[in-house]
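K.L.:
Input start.cif, format and content: mmCIF, C-alpha atoms and all ligand atoms.
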```cif
data_run
#
loop_
_atom_site.label_atom_id
_atom_site.label_comp_id
_atom_site.auth_asym_id
_atom_site.auth_seq_id
_atom_site.Cartn_x
_atom_site.Cartn_y
_atom_site.Cartn_z
CA MET O 206 -6.50 25.02 -13.11
CA ALA O 207 -3.95 22.20 -13.33
CA GLU O 208 -1.60 21.77 -16.23
CA ILE O 209 -2.62 18.70 -18.24
CA ILE O 210 0.22 16.22 -18.69
CA ASP O 211 -0.26 15.00 -22.26
CA GLY O 212 0.68 11.31 -22.15
CA LYS O 213 -0.25 10.80 -25.79
CA ALA O 214 2.24 13.43 -27.00
CA PHE O 215 4.88 12.25 -24.51
CA ALA O 216 4.46 8.65 -25.68
CA ALA O 217 4.90 9.74 -29.31
CA ARG O 218 8.22 11.41 -28.30
CA VAL O 219 9.34 8.25 -26.47
CA ARG O 220 8.49 6.11 -29.52
CA ALA O 221 10.41 8.52 -31.78
CA GLN O 222 13.42 8.19 -29.47
CA VAL O 223 13.08 4.40 -29.55
CA ALA O 224 12.91 4.52 -33.36
CA GLU O 225 16.18 6.52 -33.40
CA GLY O 226 17.76 3.86 -31.20
CA VAL O 227 16.55 1.16 -33.59
CA VAL O 228 18.16 3.00 -36.53
CA ALA O 229 21.46 3.20 -34.63
CA LEU O 230 21.31 -0.56 -33.97
CA ALA O 231 20.52 -1.26 -37.65
CA GLU O 232 23.92 0.24 -38.52
CA ARG O 233 25.40 -2.68 -36.56
CA GLY O 234 23.11 -5.17 -38.27
CA ILE O 235 20.91 -5.59 -35.17
CA VAL O 236 17.09 -5.53 -35.35
CA PRO O 237 15.29 -5.72 -31.96
CA GLY O 238 12.50 -8.28 -31.85
CA LEU O 239 9.50 -8.39 -29.52
CA ALA O 240 7.47 -11.57 -29.10
CA VAL O 241 3.95 -11.30 -27.70
CA VAL O 242 2.16 -14.44 -26.57
CA LEU O 243 -1.62 -14.39 -26.32
CA VAL O 244 -3.52 -17.38 -24.96
CA GLY O 245 -7.27 -17.46 -25.48
CA GLU O 246 -9.82 -15.03 -26.88
CA ASP O 247 -10.09 -12.25 -24.27
CA PRO O 248 -11.36 -9.32 -26.41
CA ALA O 249 -9.49 -6.58 -24.47
CA SER O 250 -6.25 -8.57 -24.73
CA GLN O 251 -6.76 -9.01 -28.49
CA VAL O 252 -7.03 -5.22 -28.87
CA TYR O 253 -3.86 -4.63 -26.79
CA VAL O 254 -1.89 -7.24 -28.70
CA ARG O 255 -2.92 -5.79 -32.07
CA SER O 256 -1.91 -2.28 -31.10
CA LYS O 257 1.38 -3.49 -29.56
CA GLY O 258 2.22 -5.31 -32.81
CA LYS O 259 1.41 -2.26 -34.93
CA LEU O 260 3.53 0.11 -32.83
CA THR O 261 6.41 -2.39 -32.63
CA ILE O 262 6.64 -2.42 -36.42
CA GLU O 263 6.25 1.37 -36.58
CA VAL O 264 9.43 1.91 -34.52
CA GLY O 265 11.32 -0.47 -36.84
CA MET O 266 11.40 -3.56 -34.63
CA ARG O 267 10.37 -7.10 -35.53
CA SER O 268 7.07 -8.23 -34.07
CA PHE O 269 6.42 -11.92 -33.43
CA GLU O 270 2.86 -12.77 -32.43
CA HIS O 271 1.96 -16.16 -30.99
CA ARG O 272 -1.78 -16.70 -30.62
CA LEU O 273 -2.56 -19.91 -28.81
CA PRO O 274 -5.96 -21.51 -28.16
CA GLU O 275 -7.70 -21.21 -24.78
CA THR O 276 -7.06 -24.96 -24.29
CA THR O 277 -3.24 -24.62 -24.46
CA SER O 278 -1.58 -26.73 -21.76
CA GLU O 279 1.08 -25.45 -19.36
CA ALA O 280 3.64 -27.74 -21.02
CA GLU O 281 2.85 -26.31 -24.47
CA LEU O 282 3.14 -22.73 -23.24
CA LEU O 283 6.41 -23.42 -21.38
CA ASN O 284 7.75 -25.12 -24.48
CA LEU O 285 7.05 -21.99 -26.56
CA ILE O 286 8.66 -19.74 -23.93
CA GLY O 287 11.73 -21.99 -23.94
CA LYS O 288 12.02 -21.58 -27.72
CA LEU O 289 11.64 -17.79 -27.50
CA ASN O 290 14.26 -17.66 -24.71
CA ALA O 291 16.70 -19.48 -27.01
CA ASP O 292 15.90 -17.45 -30.16
CA PRO O 293 18.52 -14.71 -30.73
CA ALA O 294 16.07 -12.76 -32.95
CA VAL O 295 13.80 -12.30 -29.91
CA ASN O 296 14.99 -9.65 -27.43
CA GLY O 297 11.74 -9.14 -25.55
CA ILE O 298 9.01 -11.59 -24.52
CA LEU O 299 5.62 -10.56 -23.22
CA VAL O 300 2.94 -12.99 -22.15
CA GLN O 301 -0.37 -11.15 -22.24
CA LEU O 302 -2.20 -11.32 -18.91
CA PRO O 303 -4.66 -12.45 -17.69
CA LEU O 304 -4.04 -16.06 -18.68
CA PRO O 305 -6.88 -18.61 -18.69
CA ASP O 306 -7.55 -19.99 -15.19
CA HIS O 307 -5.82 -23.34 -15.73
CA LEU O 308 -2.45 -21.65 -16.35
CA LYS O 309 -0.43 -20.31 -13.41
CA SER O 310 0.78 -16.82 -14.37
CA ASP O 311 3.61 -16.72 -11.79
CA MET O 312 5.09 -19.95 -13.08
CA VAL O 313 4.74 -18.89 -16.71
CA ILE O 314 6.27 -15.42 -16.12
CA ASN O 315 9.17 -16.91 -14.17
CA ALA O 316 9.95 -19.20 -17.12
CA ILE O 317 10.85 -16.16 -19.24
CA ASP O 318 14.57 -15.34 -19.47
CA PRO O 319 14.81 -12.32 -17.07
CA ALA O 320 16.96 -10.47 -19.64
CA LYS O 321 14.04 -10.72 -22.12
CA ASP O 322 11.32 -10.00 -19.55
CA VAL O 323 10.25 -6.64 -20.99
CA ASP O 324 7.20 -6.51 -18.68
CA GLY O 325 9.52 -6.61 -15.66
CA PHE O 326 7.35 -9.16 -13.80
CA HIS O 327 9.94 -11.95 -13.42
CA ILE O 328 10.85 -12.49 -9.78
CA SER O 329 14.52 -11.70 -10.56
CA ASN O 330 13.59 -8.32 -12.00
CA VAL O 331 11.30 -7.62 -9.04
CA GLY O 332 14.24 -8.33 -6.70
CA LEU O 333 16.71 -6.29 -8.75
CA LEU O 334 14.36 -3.29 -8.73
CA ALA O 335 13.72 -3.64 -4.99
CA THR O 336 17.46 -3.67 -4.29
CA GLY O 337 18.20 -0.71 -6.56
CA GLN O 338 20.03 -2.76 -9.20
CA LYS O 339 19.70 -2.69 -12.98
CA ALA O 340 16.37 -4.38 -13.75
CA MET O 341 13.75 -4.60 -16.45
CA VAL O 342 11.13 -2.27 -14.98
CA PRO O 343 7.33 -2.77 -15.38
CA CYS O 344 6.08 -0.56 -18.20
CA THR O 345 3.20 1.31 -16.55
CA PRO O 346 5.14 2.58 -13.52
CA LEU O 347 8.15 3.34 -15.75
CA GLY O 348 5.89 5.53 -17.90
CA CYS O 349 4.59 7.30 -14.77
CA LEU O 350 8.16 7.91 -13.58
CA MET O 351 9.17 9.37 -16.94
CA MET O 352 6.24 11.79 -16.91
CA LEU O 353 7.00 12.83 -13.31
CA ARG O 354 10.68 13.45 -14.06
CA ASP O 355 9.79 15.37 -17.19
CA HIS O 356 7.31 17.54 -15.32
CA LEU O 357 9.08 18.04 -11.99
CA GLY O 358 12.78 17.52 -12.70
CA SER O 359 14.31 16.08 -9.52
CA LEU O 360 11.82 14.20 -7.33
CA ALA O 361 14.20 14.08 -4.34
CA GLY O 362 12.58 14.82 -1.00
CA LEU O 363 9.02 15.01 -2.33
CA GLU O 364 6.17 13.29 -0.48
CA ALA O 365 4.76 10.60 -2.79
CA VAL O 366 1.61 8.61 -2.10
CA VAL O 367 0.88 5.53 -4.21
CA LEU O 368 -2.73 4.45 -3.95
CA GLY O 369 -2.80 0.70 -4.70
CA ARG O 370 -0.31 -2.07 -3.94
CA SER O 371 -0.57 -4.45 -6.90
CA ASN O 372 2.52 -6.22 -8.19
CA ILE O 373 2.14 -4.67 -11.64
CA VAL O 374 1.59 -1.03 -10.69
CA GLY O 375 1.54 0.01 -7.02
CA LYS O 376 4.56 -1.86 -5.63
CA PRO O 377 6.99 -1.21 -8.52
CA MET O 378 5.82 2.43 -8.63
CA ALA O 379 6.69 2.78 -4.95
CA GLN O 380 10.15 1.25 -5.58
CA LEU O 381 10.82 3.64 -8.45
CA LEU O 382 9.79 6.68 -6.40
CA LEU O 383 12.01 5.49 -3.54
CA GLY O 384 14.83 5.10 -6.07
CA ASP O 385 14.34 8.77 -6.96
CA SER O 386 14.51 9.67 -3.24
CA CYS O 387 10.86 10.48 -2.61
CA THR O 388 9.35 9.84 0.81
CA VAL O 389 6.90 7.13 -0.17
CA THR O 390 3.63 6.00 1.37
CA VAL O 391 1.76 3.05 -0.14
CA ALA O 392 -1.96 3.14 0.60
CA HIS O 393 -4.51 0.38 -0.05
CA SER O 394 -7.97 -0.85 0.88
CA ARG O 395 -7.07 -1.22 4.58
CA THR O 396 -5.48 2.23 4.93
CA ARG O 397 -7.15 4.43 7.54
CA ASP O 398 -8.17 7.96 6.62
CA LEU O 399 -7.20 7.86 2.96
CA GLN O 400 -8.14 11.50 2.51
CA GLN O 401 -5.54 12.68 5.03
CA VAL O 402 -2.90 10.34 3.61
CA CYS O 403 -3.52 11.56 0.06
CA ARG O 404 -3.53 15.22 1.11
CA ARG O 405 0.10 14.90 2.21
CA ALA O 406 1.19 14.03 -1.32
CA ASP O 407 3.26 16.28 -3.54
CA ILE O 408 2.97 13.36 -5.97
CA LEU O 409 -0.18 11.24 -5.96
CA VAL O 410 -0.27 8.10 -8.11
CA ALA O 411 -3.73 6.50 -8.15
CA ALA O 412 -3.89 2.83 -9.22
CA VAL O 413 -6.97 1.34 -7.58
CA GLY O 414 -9.37 0.47 -10.41
CA ARG O 415 -12.31 2.39 -8.85
CA PRO O 416 -13.95 4.96 -11.12
CA GLN O 417 -13.35 8.55 -9.96
CA MET O 418 -12.66 7.47 -6.39
CA VAL O 419 -10.26 10.34 -5.59
CA PRO O 420 -12.06 13.71 -5.36
CA GLY O 421 -10.41 17.13 -5.48
CA ASP O 422 -10.56 17.61 -1.71
CA TRP O 423 -8.16 14.64 -1.25
CA ILE O 424 -5.50 16.51 -3.19
CA LYS O 425 -2.89 18.91 -1.84
CA PRO O 426 -3.04 22.22 -3.73
CA GLY O 427 -0.38 22.22 -6.43
CA ALA O 428 0.25 18.44 -6.29
CA THR O 429 1.15 16.40 -9.36
CA VAL O 430 -1.49 13.71 -9.93
CA ILE O 431 -0.87 10.61 -12.03
CA ASP O 432 -4.06 8.69 -12.74
CA VAL O 433 -3.32 5.09 -13.73
CA GLY O 434 -6.91 3.88 -13.53
CA ILE O 435 -8.77 2.76 -16.64
CA ASN O 436 -12.42 2.18 -15.83
CA ARG O 437 -15.23 1.80 -18.32
CA VAL O 438 -18.45 3.36 -17.04
CA VAL O 439 -21.91 3.47 -18.57
CA GLN O 440 -23.04 6.98 -19.29
CA GLU O 441 -25.84 8.48 -21.37
CA GLY O 442 -26.59 5.22 -23.10
CA GLY O 443 -22.95 4.57 -24.10
CA THR O 444 -19.75 3.83 -22.24
CA ARG O 445 -16.71 6.00 -21.58
CA LEU O 446 -13.35 5.62 -19.91
CA VAL O 447 -12.64 7.36 -16.63
CA GLY O 448 -9.71 7.24 -14.26
CA ASP O 449 -9.46 6.57 -10.53
CA VAL O 450 -9.40 10.34 -9.97
CA ASP O 451 -12.39 12.64 -10.36
CA PHE O 452 -10.73 14.69 -13.08
CA ASP O 453 -12.78 17.92 -12.90
CA SER O 454 -12.58 18.48 -9.14
CA ALA O 455 -8.94 17.29 -9.00
CA ALA O 456 -7.84 19.53 -11.87
CA ALA O 457 -9.21 22.53 -9.96
CA VAL O 458 -6.74 21.86 -7.10
CA ALA O 459 -3.74 20.00 -8.54
CA GLY O 460 -0.71 21.64 -10.13
CA ALA O 461 -0.65 19.04 -12.91
CA ILE O 462 -2.67 15.96 -13.78
CA THR O 463 -2.76 13.18 -16.36
CA PRO O 464 -6.09 12.73 -18.18
CA VAL O 465 -7.87 9.42 -18.85
CA PRO O 466 -7.73 8.49 -21.65
CA GLY O 467 -4.55 10.06 -23.04
CA GLY O 468 -2.35 9.96 -19.93
CA VAL O 469 -0.66 6.86 -18.56
CA GLY O 470 -2.23 4.44 -21.09
CA PRO O 471 -0.21 5.45 -24.19
CA MET O 472 2.98 5.63 -22.09
CA THR O 473 2.65 1.95 -21.15
CA ILE O 474 3.10 0.67 -24.72
CA ALA O 475 5.82 3.27 -25.41
CA CYS O 476 7.71 1.94 -22.38
CA LEU O 477 7.30 -1.64 -23.59
CA LEU O 478 9.12 -0.61 -26.78
CA ALA O 479 11.70 1.31 -24.72
CA ASN O 480 12.29 -1.81 -22.60
CA THR O 481 12.70 -3.93 -25.74
CA LEU O 482 15.35 -1.48 -27.00
CA THR O 483 17.08 -1.53 -23.60
CA ALA O 484 17.02 -5.35 -23.51
CA THR O 485 18.53 -5.47 -27.02
CA CYS O 486 21.33 -3.05 -26.08
CA ARG O 487 22.10 -5.05 -22.92
CA ALA O 488 22.11 -8.33 -24.89
CA HIS O 489 24.78 -6.89 -27.20
CA ASP O 490 26.78 -5.11 -24.46
CA LEU O 491 26.00 -1.74 -26.02
CA PRO O 492 25.31 1.50 -24.09
CA GLU O 493 21.68 1.82 -23.02
CA PRO O 494 19.46 4.50 -24.52
CA GLN O 495 19.47 7.69 -22.44
CA GLY O 496 16.28 8.70 -20.65
CA LEU O 497 14.37 5.50 -21.42
CA THR O 498 15.28 3.53 -18.30
CA ALA O 499 14.79 4.02 -14.56
P1 LIG G 501 -5.45 -4.32 -8.70
O1 LIG G 501 -6.90 -4.62 -8.62
O2 LIG G 501 -4.47 -5.42 -8.85
O3 LIG G 501 -5.03 -3.49 -7.39
C1 LIG G 501 -5.83 -2.46 -6.92
C2 LIG G 501 -5.24 -1.89 -5.66
O4 LIG G 501 -6.09 -0.84 -5.21
C3 LIG G 501 -5.14 -2.90 -4.52
O5 LIG G 501 -3.89 -2.75 -3.86
C4 LIG G 501 -6.30 -2.54 -3.60
O6 LIG G 501 -6.03 -2.71 -2.22
C5 LIG G 501 -6.45 -1.06 -3.85
N1 LIG G 501 -7.81 -0.62 -3.61
C6 LIG G 501 -8.94 -1.14 -4.15
N2 LIG G 501 -10.02 -0.50 -3.66
C7 LIG G 501 -9.55 0.42 -2.81
C8 LIG G 501 -10.18 1.38 -1.97
N3 LIG G 501 -11.51 1.52 -1.94
N4 LIG G 501 -9.40 2.16 -1.20
C9 LIG G 501 -8.07 2.03 -1.23
N5 LIG G 501 -7.41 1.14 -1.99
C10 LIG G 501 -8.16 0.35 -2.77
O7 LIG G 501 -5.32 -3.25 -9.88
P2 LIG G 501 -4.06 -2.84 -10.79
O8 LIG G 501 -2.97 -2.27 -9.97
O9 LIG G 501 -3.76 -3.93 -11.74
O10 LIG G 501 -4.73 -1.67 -11.65
C11 LIG G 501 -5.21 -0.50 -11.05
C12 LIG G 501 -5.89 0.36 -12.10
O11 LIG G 501 -4.93 0.73 -13.08
C13 LIG G 501 -7.01 -0.35 -12.87
O12 LIG G 501 -7.99 0.62 -13.21
C14 LIG G 501 -6.33 -0.82 -14.14
O13 LIG G 501 -7.23 -0.93 -15.22
C15 LIG G 501 -5.37 0.32 -14.37
N6 LIG G 501 -4.19 -0.05 -15.14
C16 LIG G 501 -3.83 0.78 -16.14
C17 LIG G 501 -2.72 0.53 -16.90
C18 LIG G 501 -2.34 1.50 -17.95
O14 LIG G 501 -1.65 1.15 -18.89
N7 LIG G 501 -2.73 2.76 -17.84
C19 LIG G 501 -1.91 -0.68 -16.71
C20 LIG G 501 -2.30 -1.45 -15.55
C21 LIG G 501 -3.42 -1.15 -14.82
P3 LIG G 501 -5.82 -4.17 -1.54
O15 LIG G 501 -4.47 -4.62 -1.99
O16 LIG G 501 -5.87 -3.86 -0.09
O17 LIG G 501 -6.93 -5.03 -2.04
#
```
Could you take the file, read its structure, and then write that structure out as structure tokens?

P.N.:
Amino acid sequence: MAEIIDGKAFAARVRAQVAEGVVALAERGIVPGLAVVLVGEDPASQVYVRSKGKLTIEVGMRSFEHRLPETTSEAELLNLIGKLNADPAVNGILVQLPLPDHLKSDMVINAIDPAKDVDGFHISNVGLLATGQKAMVPCTPLGCLMMLRDHLGSLAGLEAVVLGRSNIVGKPMAQLLLGDSCTVTVAHSRTRDLQQVCRRADILVAAVGRPQMVPGDWIKPGATVIDVGINRVVQEGGTRLVGDVDFDSAAAVAGAITPVPGGVGPMTIACLLANTLTATCRAHDLPEPQGLTA
């Protein structure tokens, strides 16, 4: 039976480490600030933004929330981002996605100062990560990397398969694993013989958004499985969250596995706070926190 990688406990440790970093900055009179911009009424986004704000304050940072109506124009949103870019009290800016259809996310994200882009989606940060330079790294893959390093130590030489090639998870995850000297395969909906590809993996990261798509017989015995998927399924009259991996059959084969919920999810917000701390240290030319960056 696989060891369960407890993302909830790990995330609590990361947040405690961030809080220590915030205390050290306070001695210099610096308080990191994170601005979250939410446009519209998407219920899931409202929940995320609330919990981000709560945890930001818990680690001792300032939280600035900007809730804008669904009808906000591009010019109004860009104007707000410009103000946040110029505000020295704001070290991190996150625009909650998805945006309403009339707003172009790429353009909006690329208007954020790359040094404050704590989501790591700005094209400059994407390029810096791809070329192995100091970047702001997307939170979900950063959390996965931290858990893998914590569990396996050095990742050098391991076969890693990333299932999914999105800009927010799959691609940056592959870059991070390459950066740690894994041999990386990125699989997607056009990949032939997914089972054989996945069975090669010492590290399997599943980020497809298909409930329980990866069964145990796709997994190499002893592999480390990171399940990024968050899928709500209807079951016995109610709903529950499941991952992209079929947990029970996978846990019988894998060496270690993250559960859903309680795996990657909590690490994502912890890494957002870690990125805000990193951005603050960089803005003040101070040493970066150890163990919280790629
Ligand atoms: P996207 O929908 O953007 O990307 C999904 C990827 O999976 C695509 O590359 C797609 O391939 C691939 N894919 C879809 N179906 C198949 C299939 N049948 N076989 C092989 N590959 C397939 O999703 P995201 O990357 O944004 O998210 C993935 C999952 O992770 C979702 O469940 C999401 O909710 C979750 N998530 C969780 C987070 C967390 O904090 N834990 C944060 C972000 C996401 P193709 O490109 O060919 O279409």

K.L.:
For Val219 of chain O, which residue among O:Met472, O:Val331, O:Leu350, O:Val413 is the nearest when counting only C-alpha atoms?

P.N.:
O:Met472

K.L.:
Counting only C-alpha atoms, which residues sit no farther than 9 Å from the position (16.1, 8.1, -23.3) in the file's frame? I'd like them as a ChimeraX atom specification.

P.N.:
/O:219,222-223,479,493-498

K.L.:
With all atoms listed in the file counted, collect every polymer residue having an atom within 10 Å of ligand LIG 501 (chain G); state the result as a PyMOL selection string.

P.N.:
chain O and resi 343-346+348-349+367-376+391-399+411-416+418-419+431-437+446-449+465-474

K.L.:
Considering all atoms listed in the file, return as an MDAnalysis selection string whatever protein or nucleic-acid residues lie within 8 Å of Gln301 of chain O, sequence-local ones (same chain, fewer than 4 positions apart) excluded.

P.N.:
chainID O and resid 241:244 250 254

K.L.:
Could the residues in this selection be written to a file with C-alpha atoms, as a PDB file, in the frame of the given file?

P.N.:
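Result file is out01.pdb:
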```
ATOM      1  CA  VAL O 241       3.950 -11.300 -27.700  1.00  0.00           C
ATOM      2  CA  VAL O 242       2.160 -14.440 -26.570  1.00  0.00           C
ATOM      3  CA  LEU O 243      -1.620 -14.390 -26.320  1.00  0.00           C
ATOM      4  CA  VAL O 244      -3.520 -17.380 -24.960  1.00  0.00           C
ATOM      5  CA  SER O 250      -6.250  -8.570 -24.730  1.00  0.00           C
ATOM      6  CA  VAL O 254      -1.890  -7.240 -28.700  1.00  0.00           C
TER       7      VAL O 254
END
```

K.L.:
Which polymer residues, whether protein, DNA or RNA, lie within 10 Å of the coordinate (17.3, -6.8, -38.5) when you count only C-alpha atoms? List them as number ranges by chain, using the chain letters and numbers from the file.

P.N.:
O: 227, 230-238, 265-267, 294

K.L.:
Measuring atom to atom with all atoms listed in the file, identify which of O:Gly325, O:Leu347, O:Asp407, O:Leu482 is nearest to Gly362 of chain O.

P.N.:
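Ranking O:Gly325, O:Leu347, O:Asp407, O:Leu482 by distance to Gly362 of chain O, first place goes to O:Asp407.
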
K.L.:
From the set O:Asn284, O:Thr463, O:Ser268, O:Gln401, which residue has the shortest atom-to-atom contact distance to Leu353 of chain O, counting only C-alpha atoms?

P.N.:
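That would be O:Thr463, the residue with the smallest distance to Leu353 of chain O.
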
K.L.:
Using all atoms listed in the file, find the one residue out of O:Glu281, O:Glu275, O:Asp490, O:Glu208 that sits nearest to Glu246 of chain O.

P.N.:
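Smallest separation from Glu246 of chain O among the options: O:Glu275.
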
K.L.:
Using only C-alpha atoms, which of O:Asp355, O:Asp322, O:Asp306, O:Asp247 sits nearest Arg218 of chain O?

P.N.:
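So, comparing all the options, the nearest one is O:Asp355.
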
K.L.:
For Val264 of chain O, list every protein, DNA or RNA residue within 10 Å, evaluated using only C-alpha atoms, and leave out those in the same chain fewer than 4 positions away; present the list as a tab-separated table (two decimals) with C-alpha atoms, in the coordinates of the input.

P.N.:
```
chain	number	residue	atom	x	y	z
O	220	ARG	CA	8.49	6.11	-29.52
O	221	ALA	CA	10.41	8.52	-31.78
O	222	GLN	CA	13.42	8.19	-29.47
O	223	VAL	CA	13.08	4.40	-29.55
O	224	ALA	CA	12.91	4.52	-33.36
O	225	GLU	CA	16.18	6.52	-33.40
O	226	GLY	CA	17.76	3.86	-31.20
O	227	VAL	CA	16.55	1.16	-33.59
O	228	VAL	CA	18.16	3.00	-36.53
O	237	PRO	CA	15.29	-5.72	-31.96
O	259	LYS	CA	1.41	-2.26	-34.93
O	260	LEU	CA	3.53	0.11	-32.83
O	475	ALA	CA	5.82	3.27	-25.41
O	478	LEU	CA	9.12	-0.61	-26.78
```

K.L.:
Any chance you could build segment 427-449 of chain O out to N, CA and C atoms and write it as a compact mmCIF listing (two decimals), in the coordinates of the input?

P.N.:
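Output contents, as saved in out_9.txt:
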```
# COMPACT_ATOMS: atom_id res chain seq x y z
N GLY O 427 -1.65 22.18 -5.69
CA GLY O 427 -0.38 22.22 -6.43
C GLY O 427 0.24 20.86 -6.67
N ALA O 428 -0.34 19.79 -6.14
CA ALA O 428 0.25 18.44 -6.29
C ALA O 428 0.24 17.98 -7.75
N THR O 429 1.14 17.03 -8.03
CA THR O 429 1.15 16.40 -9.36
C THR O 429 0.41 15.06 -9.23
N VAL O 430 -0.61 14.89 -10.05
CA VAL O 430 -1.49 13.71 -9.93
C VAL O 430 -1.35 12.83 -11.17
N ILE O 431 -0.98 11.58 -10.94
CA ILE O 431 -0.87 10.61 -12.03
C ILE O 431 -1.99 9.60 -11.85
N ASP O 432 -2.88 9.56 -12.84
CA ASP O 432 -4.06 8.69 -12.74
C ASP O 432 -3.86 7.46 -13.63
N VAL O 433 -3.59 6.33 -12.98
CA VAL O 433 -3.32 5.09 -13.73
C VAL O 433 -4.62 4.38 -14.12
N GLY O 434 -5.66 4.63 -13.38
CA GLY O 434 -6.91 3.88 -13.53
C GLY O 434 -7.50 3.94 -14.95
N ILE O 435 -7.99 2.81 -15.39
CA ILE O 435 -8.77 2.76 -16.64
C ILE O 435 -10.06 2.03 -16.31
N ASN O 436 -11.13 2.78 -16.21
CA ASN O 436 -12.42 2.18 -15.83
C ASN O 436 -13.46 2.56 -16.87
N ARG O 437 -14.16 1.55 -17.34
CA ARG O 437 -15.23 1.80 -18.32
C ARG O 437 -16.53 1.98 -17.56
N VAL O 438 -17.18 3.12 -17.73
CA VAL O 438 -18.45 3.36 -17.04
C VAL O 438 -19.55 3.63 -18.07
N VAL O 439 -20.76 3.26 -17.69
CA VAL O 439 -21.91 3.47 -18.57
C VAL O 439 -22.41 4.88 -18.34
N GLN O 440 -22.57 5.61 -19.43
CA GLN O 440 -23.04 6.98 -19.29
C GLN O 440 -23.85 7.39 -20.52
N GLU O 441 -24.97 7.99 -20.29
CA GLU O 441 -25.84 8.48 -21.37
C GLU O 441 -25.99 7.45 -22.50
N GLY O 442 -26.32 6.24 -22.09
CA GLY O 442 -26.59 5.22 -23.10
C GLY O 442 -25.34 4.54 -23.65
N GLY O 443 -24.18 5.19 -23.59
CA GLY O 443 -22.95 4.57 -24.10
C GLY O 443 -21.99 4.27 -22.96
N THR O 444 -20.74 4.00 -23.31
CA THR O 444 -19.75 3.83 -22.24
C THR O 444 -18.62 4.82 -22.49
N ARG O 445 -17.91 5.18 -21.40
CA ARG O 445 -16.71 6.00 -21.58
C ARG O 445 -15.68 5.60 -20.54
N LEU O 446 -14.43 5.97 -20.82
CA LEU O 446 -13.35 5.62 -19.91
C LEU O 446 -13.14 6.74 -18.92
N VAL O 447 -13.01 6.36 -17.64
CA VAL O 447 -12.64 7.36 -16.63
C VAL O 447 -11.51 6.78 -15.79
N GLY O 448 -10.81 7.67 -15.11
CA GLY O 448 -9.71 7.24 -14.26
C GLY O 448 -10.16 6.93 -12.84
N ASP O 449 -9.18 6.77 -11.95
CA ASP O 449 -9.46 6.57 -10.53
C ASP O 449 -9.63 7.91 -9.82
```
